[in-house]
Each structure stands twice: as structure tokens, then as C-alpha cells.
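A.B. asks: Hey, dropping run-v7.cif in here, mmCIF, N, CA and C atoms:
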```
data_structure
#
loop_
_atom_site.group_PDB
_atom_site.id
_atom_site.type_symbol
_atom_site.label_atom_id
_atom_site.label_comp_id
_atom_site.auth_asym_id
_atom_site.auth_seq_id
_atom_site.Cartn_x
_atom_site.Cartn_y
_atom_site.Cartn_z
ATOM 1 N N MET A 1 -14.584 -13.390 -26.874
ATOM 2 C CA MET A 1 -13.194 -13.182 -26.547
ATOM 3 C C MET A 1 -12.681 -14.427 -25.818
ATOM 4 N N SER A 2 -11.513 -14.884 -26.196
ATOM 5 C CA SER A 2 -10.977 -16.114 -25.623
ATOM 6 C C SER A 2 -10.358 -15.876 -24.248
ATOM 7 N N GLN A 3 -10.122 -16.963 -23.568
ATOM 8 C CA GLN A 3 -9.526 -16.910 -22.229
ATOM 9 C C GLN A 3 -8.123 -16.298 -22.295
ATOM 10 N N SER A 4 -7.362 -16.632 -23.328
ATOM 11 C CA SER A 4 -6.006 -16.094 -23.456
ATOM 12 C C SER A 4 -6.034 -14.590 -23.747
ATOM 13 N N ASP A 5 -7.045 -14.149 -24.512
ATOM 14 C CA ASP A 5 -7.199 -12.710 -24.752
ATOM 15 C C ASP A 5 -7.476 -11.977 -23.441
ATOM 16 N N ASN A 6 -8.386 -12.535 -22.637
ATOM 17 C CA ASN A 6 -8.704 -11.928 -21.346
ATOM 18 C C ASN A 6 -7.476 -11.882 -20.442
ATOM 19 N N HIS A 7 -6.692 -12.944 -20.475
ATOM 20 C CA HIS A 7 -5.490 -13.013 -19.647
ATOM 21 C C HIS A 7 -4.484 -11.946 -20.087
ATOM 22 N N ALA A 8 -4.296 -11.801 -21.380
ATOM 23 C CA ALA A 8 -3.363 -10.804 -21.908
ATOM 24 C C ALA A 8 -3.821 -9.391 -21.551
ATOM 25 N N ILE A 9 -5.121 -9.148 -21.664
ATOM 26 C CA ILE A 9 -5.661 -7.835 -21.305
ATOM 27 C C ILE A 9 -5.470 -7.573 -19.818
ATOM 28 N N GLN A 10 -5.688 -8.577 -18.991
ATOM 29 C CA GLN A 10 -5.532 -8.422 -17.543
ATOM 30 C C GLN A 10 -4.081 -8.111 -17.179
ATOM 31 N N ILE A 11 -3.143 -8.767 -17.843
ATOM 32 C CA ILE A 11 -1.725 -8.497 -17.596
ATOM 33 C C ILE A 11 -1.381 -7.061 -17.992
ATOM 34 N N ALA A 12 -1.843 -6.640 -19.162
ATOM 35 C CA ALA A 12 -1.595 -5.272 -19.619
ATOM 36 C C ALA A 12 -2.228 -4.269 -18.658
ATOM 37 N N LEU A 13 -3.431 -4.566 -18.194
ATOM 38 C CA LEU A 13 -4.134 -3.693 -17.256
ATOM 39 C C LEU A 13 -3.353 -3.570 -15.946
ATOM 40 N N ASN A 14 -2.862 -4.684 -15.437
ATOM 41 C CA ASN A 14 -2.082 -4.660 -14.198
ATOM 42 C C ASN A 14 -0.803 -3.838 -14.361
ATOM 43 N N ASN A 15 -0.159 -3.950 -15.523
ATOM 44 C CA ASN A 15 1.048 -3.160 -15.777
ATOM 45 C C ASN A 15 0.734 -1.669 -15.812
ATOM 46 N N LEU A 16 -0.358 -1.307 -16.470
ATOM 47 C CA LEU A 16 -0.746 0.103 -16.542
ATOM 48 C C LEU A 16 -1.121 0.647 -15.167
ATOM 49 N N LEU A 17 -1.842 -0.152 -14.384
ATOM 50 C CA LEU A 17 -2.215 0.280 -13.039
ATOM 51 C C LEU A 17 -0.977 0.494 -12.163
ATOM 52 N N SER A 18 -0.009 -0.372 -12.307
ATOM 53 C CA SER A 18 1.232 -0.242 -11.541
ATOM 54 C C SER A 18 1.980 1.025 -11.937
ATOM 55 N N GLU A 19 2.087 1.270 -13.242
ATOM 56 C CA GLU A 19 2.762 2.482 -13.709
ATOM 57 C C GLU A 19 2.010 3.728 -13.248
ATOM 58 N N HIS A 20 0.680 3.680 -13.264
ATOM 59 C CA HIS A 20 -0.147 4.805 -12.829
ATOM 60 C C HIS A 20 0.116 5.119 -11.356
ATOM 61 N N ARG A 21 0.173 4.075 -10.521
ATOM 62 C CA ARG A 21 0.462 4.259 -9.086
ATOM 63 C C ARG A 21 1.865 4.834 -8.879
ATOM 64 N N ASP A 22 2.825 4.322 -9.639
ATOM 65 C CA ASP A 22 4.197 4.813 -9.527
ATOM 66 C C ASP A 22 4.279 6.295 -9.902
ATOM 67 N N LEU A 23 3.596 6.667 -10.965
ATOM 68 C CA LEU A 23 3.577 8.070 -11.374
ATOM 69 C C LEU A 23 2.942 8.944 -10.302
ATOM 70 N N ASP A 24 1.894 8.433 -9.694
ATOM 71 C CA ASP A 24 1.232 9.154 -8.610
ATOM 72 C C ASP A 24 2.221 9.478 -7.492
ATOM 73 N N ASP A 25 3.023 8.481 -7.117
ATOM 74 C CA ASP A 25 4.023 8.673 -6.063
ATOM 75 C C ASP A 25 5.080 9.690 -6.473
ATOM 76 N N VAL A 26 5.571 9.589 -7.705
ATOM 77 C CA VAL A 26 6.601 10.503 -8.192
ATOM 78 C C VAL A 26 6.060 11.932 -8.236
ATOM 79 N N ILE A 27 4.843 12.098 -8.744
ATOM 80 C CA ILE A 27 4.235 13.425 -8.833
ATOM 81 C C ILE A 27 4.079 14.031 -7.443
ATOM 82 N N GLU A 28 3.632 13.229 -6.496
ATOM 83 C CA GLU A 28 3.452 13.726 -5.134
ATOM 84 C C GLU A 28 4.788 14.168 -4.528
ATOM 85 N N ARG A 29 5.833 13.356 -4.716
ATOM 86 C CA ARG A 29 7.151 13.716 -4.178
ATOM 87 C C ARG A 29 7.689 14.970 -4.832
ATOM 88 N N LEU A 30 7.522 15.097 -6.144
ATOM 89 C CA LEU A 30 8.000 16.293 -6.845
ATOM 90 C C LEU A 30 7.255 17.541 -6.388
ATOM 91 N N ALA A 31 5.943 17.421 -6.260
ATOM 92 C CA ALA A 31 5.126 18.578 -5.882
ATOM 93 C C ALA A 31 5.425 19.035 -4.453
ATOM 94 N N ASN A 32 5.794 18.105 -3.581
ATOM 95 C CA ASN A 32 6.078 18.448 -2.190
ATOM 96 C C ASN A 32 7.521 18.876 -1.969
ATOM 97 N N GLY A 33 8.352 18.759 -2.980
ATOM 98 C CA GLY A 33 9.762 19.144 -2.852
ATOM 99 C C GLY A 33 9.918 20.652 -2.817
ATOM 100 N N ALA A 34 11.031 21.101 -2.298
ATOM 101 C CA ALA A 34 11.302 22.535 -2.178
ATOM 102 C C ALA A 34 11.362 23.194 -3.557
ATOM 103 N N SER A 35 12.101 22.587 -4.455
ATOM 104 C CA SER A 35 12.155 23.120 -5.822
ATOM 105 C C SER A 35 11.892 21.971 -6.782
ATOM 106 N N PHE A 36 11.053 22.215 -7.760
ATOM 107 C CA PHE A 36 10.736 21.163 -8.714
ATOM 108 C C PHE A 36 10.575 21.765 -10.094
ATOM 109 N N ASP A 37 10.741 20.940 -11.076
ATOM 110 C CA ASP A 37 10.640 21.333 -12.474
ATOM 111 C C ASP A 37 9.167 21.266 -12.889
ATOM 112 N N GLN A 38 8.575 22.422 -13.101
ATOM 113 C CA GLN A 38 7.152 22.495 -13.462
ATOM 114 C C GLN A 38 6.861 21.768 -14.768
ATOM 115 N N LEU A 39 7.764 21.878 -15.724
ATOM 116 C CA LEU A 39 7.570 21.217 -17.016
ATOM 117 C C LEU A 39 7.583 19.691 -16.845
ATOM 118 N N GLN A 40 8.512 19.193 -16.053
ATOM 119 C CA GLN A 40 8.564 17.759 -15.799
ATOM 120 C C GLN A 40 7.291 17.295 -15.100
ATOM 121 N N LEU A 41 6.819 18.067 -14.157
ATOM 122 C CA LEU A 41 5.595 17.722 -13.441
ATOM 123 C C LEU A 41 4.400 17.667 -14.397
ATOM 124 N N GLN A 42 4.315 18.628 -15.301
ATOM 125 C CA GLN A 42 3.231 18.639 -16.288
ATOM 126 C C GLN A 42 3.297 17.413 -17.198
ATOM 127 N N ARG A 43 4.502 17.038 -17.610
ATOM 128 C CA ARG A 43 4.659 15.867 -18.473
ATOM 129 C C ARG A 43 4.230 14.585 -17.754
ATOM 130 N N LEU A 44 4.605 14.484 -16.486
ATOM 131 C CA LEU A 44 4.219 13.305 -15.708
ATOM 132 C C LEU A 44 2.701 13.234 -15.531
ATOM 133 N N LYS A 45 2.080 14.373 -15.284
ATOM 134 C CA LYS A 45 0.621 14.399 -15.128
ATOM 135 C C LYS A 45 -0.071 14.036 -16.435
ATOM 136 N N LYS A 46 0.482 14.501 -17.558
ATOM 137 C CA LYS A 46 -0.095 14.171 -18.863
ATOM 138 C C LYS A 46 0.026 12.668 -19.122
ATOM 139 N N ARG A 47 1.180 12.095 -18.799
ATOM 140 C CA ARG A 47 1.372 10.647 -18.975
ATOM 141 C C ARG A 47 0.388 9.875 -18.105
ATOM 142 N N LYS A 48 0.165 10.379 -16.890
ATOM 143 C CA LYS A 48 -0.770 9.732 -15.974
ATOM 144 C C LYS A 48 -2.192 9.740 -16.555
ATOM 145 N N LEU A 49 -2.591 10.835 -17.177
ATOM 146 C CA LEU A 49 -3.916 10.912 -17.799
ATOM 147 C C LEU A 49 -4.033 9.951 -18.988
ATOM 148 N N ILE A 50 -2.963 9.847 -19.765
ATOM 149 C CA ILE A 50 -2.958 8.914 -20.894
ATOM 150 C C ILE A 50 -3.110 7.488 -20.385
ATOM 151 N N LEU A 51 -2.398 7.158 -19.309
ATOM 152 C CA LEU A 51 -2.517 5.829 -18.716
ATOM 153 C C LEU A 51 -3.938 5.575 -18.240
ATOM 154 N N LYS A 52 -4.538 6.580 -17.623
ATOM 155 C CA LYS A 52 -5.913 6.430 -17.126
ATOM 156 C C LYS A 52 -6.863 6.101 -18.280
ATOM 157 N N ASP A 53 -6.708 6.783 -19.405
ATOM 158 C CA ASP A 53 -7.549 6.506 -20.580
ATOM 159 C C ASP A 53 -7.342 5.076 -21.078
ATOM 160 N N GLU A 54 -6.085 4.627 -21.110
ATOM 161 C CA GLU A 54 -5.796 3.273 -21.565
ATOM 162 C C GLU A 54 -6.384 2.242 -20.596
ATOM 163 N N ILE A 55 -6.320 2.527 -19.302
ATOM 164 C CA ILE A 55 -6.886 1.640 -18.289
ATOM 165 C C ILE A 55 -8.392 1.509 -18.488
ATOM 166 N N ILE A 56 -9.061 2.618 -18.741
ATOM 167 C CA ILE A 56 -10.512 2.607 -18.957
ATOM 168 C C ILE A 56 -10.858 1.767 -20.187
ATOM 169 N N LYS A 57 -10.082 1.908 -21.250
ATOM 170 C CA LYS A 57 -10.337 1.134 -22.477
ATOM 171 C C LYS A 57 -10.171 -0.361 -22.235
ATOM 172 N N LEU A 58 -9.117 -0.735 -21.504
ATOM 173 C CA LEU A 58 -8.889 -2.159 -21.240
ATOM 174 C C LEU A 58 -9.967 -2.735 -20.326
ATOM 175 N N ARG A 59 -10.379 -1.971 -19.328
ATOM 176 C CA ARG A 59 -11.451 -2.446 -18.442
ATOM 177 C C ARG A 59 -12.745 -2.645 -19.227
ATOM 178 N N ALA A 60 -13.000 -1.773 -20.187
ATOM 179 C CA ALA A 60 -14.206 -1.903 -21.012
ATOM 180 C C ALA A 60 -14.167 -3.177 -21.835
ATOM 181 N N LYS A 61 -12.967 -3.597 -22.256
ATOM 182 C CA LYS A 61 -12.856 -4.841 -23.014
ATOM 183 C C LYS A 61 -13.122 -6.067 -22.154
ATOM 184 N N LEU A 62 -12.803 -5.971 -20.871
ATOM 185 C CA LEU A 62 -12.985 -7.109 -19.964
ATOM 186 C C LEU A 62 -14.430 -7.274 -19.531
ATOM 187 N N VAL A 63 -15.163 -6.161 -19.443
ATOM 188 C CA VAL A 63 -16.550 -6.211 -18.985
ATOM 189 C C VAL A 63 -17.454 -6.243 -20.212
ATOM 190 N N PRO A 64 -18.215 -7.306 -20.370
ATOM 191 C CA PRO A 64 -19.094 -7.383 -21.558
ATOM 192 C C PRO A 64 -20.234 -6.369 -21.476
ATOM 193 N N ASP A 65 -20.653 -5.913 -22.634
ATOM 194 C CA ASP A 65 -21.795 -5.003 -22.703
ATOM 195 C C ASP A 65 -23.053 -5.755 -22.280
ATOM 196 N N ILE A 66 -23.841 -5.115 -21.455
ATOM 197 C CA ILE A 66 -25.086 -5.718 -21.008
ATOM 198 C C ILE A 66 -26.232 -4.914 -21.605
ATOM 199 N N ILE A 67 -27.064 -5.594 -22.362
ATOM 200 C CA ILE A 67 -28.200 -4.923 -22.983
ATOM 201 C C ILE A 67 -29.384 -5.086 -22.039
ATOM 202 N N ALA A 68 -29.925 -3.962 -21.608
ATOM 203 C CA ALA A 68 -31.030 -4.013 -20.638
ATOM 204 C C ALA A 68 -32.345 -4.230 -21.341
#
```
Rewrite the coordinates I just gave you, this time as C-alpha cells.

C.D. replies:
Amino acid sequence: MSQSDNHAIQIALNNLLSEHRDLDDVIERLANGASFDQLQLQRLKKRKLILKDEIIKLRAKLVPDIIA
């Protein structure tokens, strides 16, 4: 994998991590509010899980497989 590929993956990873953190904050604020939309909360949590899966995939691309 080239240096530019690694750089592009790192940028994408940083963007996903930022969005994941932002969703975490929004979910926490919604859950702690007096009244909140349960459906919206479920959608945000689902998006957060999708982001987590994408983050794991990108991290796997950055770390080379080590054969023991």
C-alpha cells in the first residue's frame, strides 16, 4: 500500500471518528432530555454502529497482517 493510500485512509478514519464522537454527544443529549424521539434515537444509534464497523475496517487496512 502506498503512502498516499495510507494518508487517504487516515483522513477518512479521522472523519469517521469525529462523526462517531459527535453522534455520541447528540445521543447523550437526546437521552438525557425530558422528552425525546425514540425513533430518532434508534436511528442515531444505528448510524453510530455503522460508523464503528467502518472505523474497524479502515484500521485493519492501516495495520498490516502479522504472520506468527

A.B. asks: Neighbours of range 4-14 of chain A within 7 Å (only N, CA and C atoms; same-chain residues fewer than 6 positions away dropped), as a ChimeraX atom specification?

C.D. replies: /A:55,58-59,62

A.B. asks: So which one's closest to Lys45 in chain A, A:Ser2, A:Leu16, A:Asp24, A:Arg29? Using only C-alpha atoms, please.

C.D. replies: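 So, comparing all the options, the nearest one is A:Asp24.
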
A.B. asks: Extract the full set of alpha helix (DSSP H) residues from chain A according to DSSP on the backbone, and format it as a VMD selection string.

C.D. replies: chain A and resid 3 to 32 38 to 62

A.B. asks: With distances taken over only C-alpha atoms, which residue among A:Leu30, A:Leu51, A:Ile56, A:Val63 lies nearest Ser18 in chain A?

C.D. replies: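 The shortest atom-to-atom distance to Ser18 in chain A comes from A:Leu51.
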
A.B. asks: Suppose you want the space between CA of Ala31 in chain A and atom C of Asn15 in chain A; what is it in Å?

C.D. replies: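 Atom-to-atom, CA of Ala31 in chain A to atom C of Asn15 in chain A, that is 23.0 Å.
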
A.B. asks: Find, counting only N, CA and C atoms, the residue in A:Leu17, A:Leu39, A:Ala34, A:Ile27 that gets nearest to Lys52 in chain A.

C.D. replies: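 The closest residue to Lys52 in chain A is A:Leu17.
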
A.B. asks: For CA of Gln3 in chain A and CA of His20 in chain A, determine how far apart the two atoms are, in Å to one decimal place.

C.D. replies: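 A separation of 25.5 Å between them.
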
A.B. asks: Could you work out how far CA of Asp53 in chain A lies from CA of Asp25 in chain A, giving the answer in Å with one decimal?

C.D. replies: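 Those two atoms sit 18.7 Å apart.
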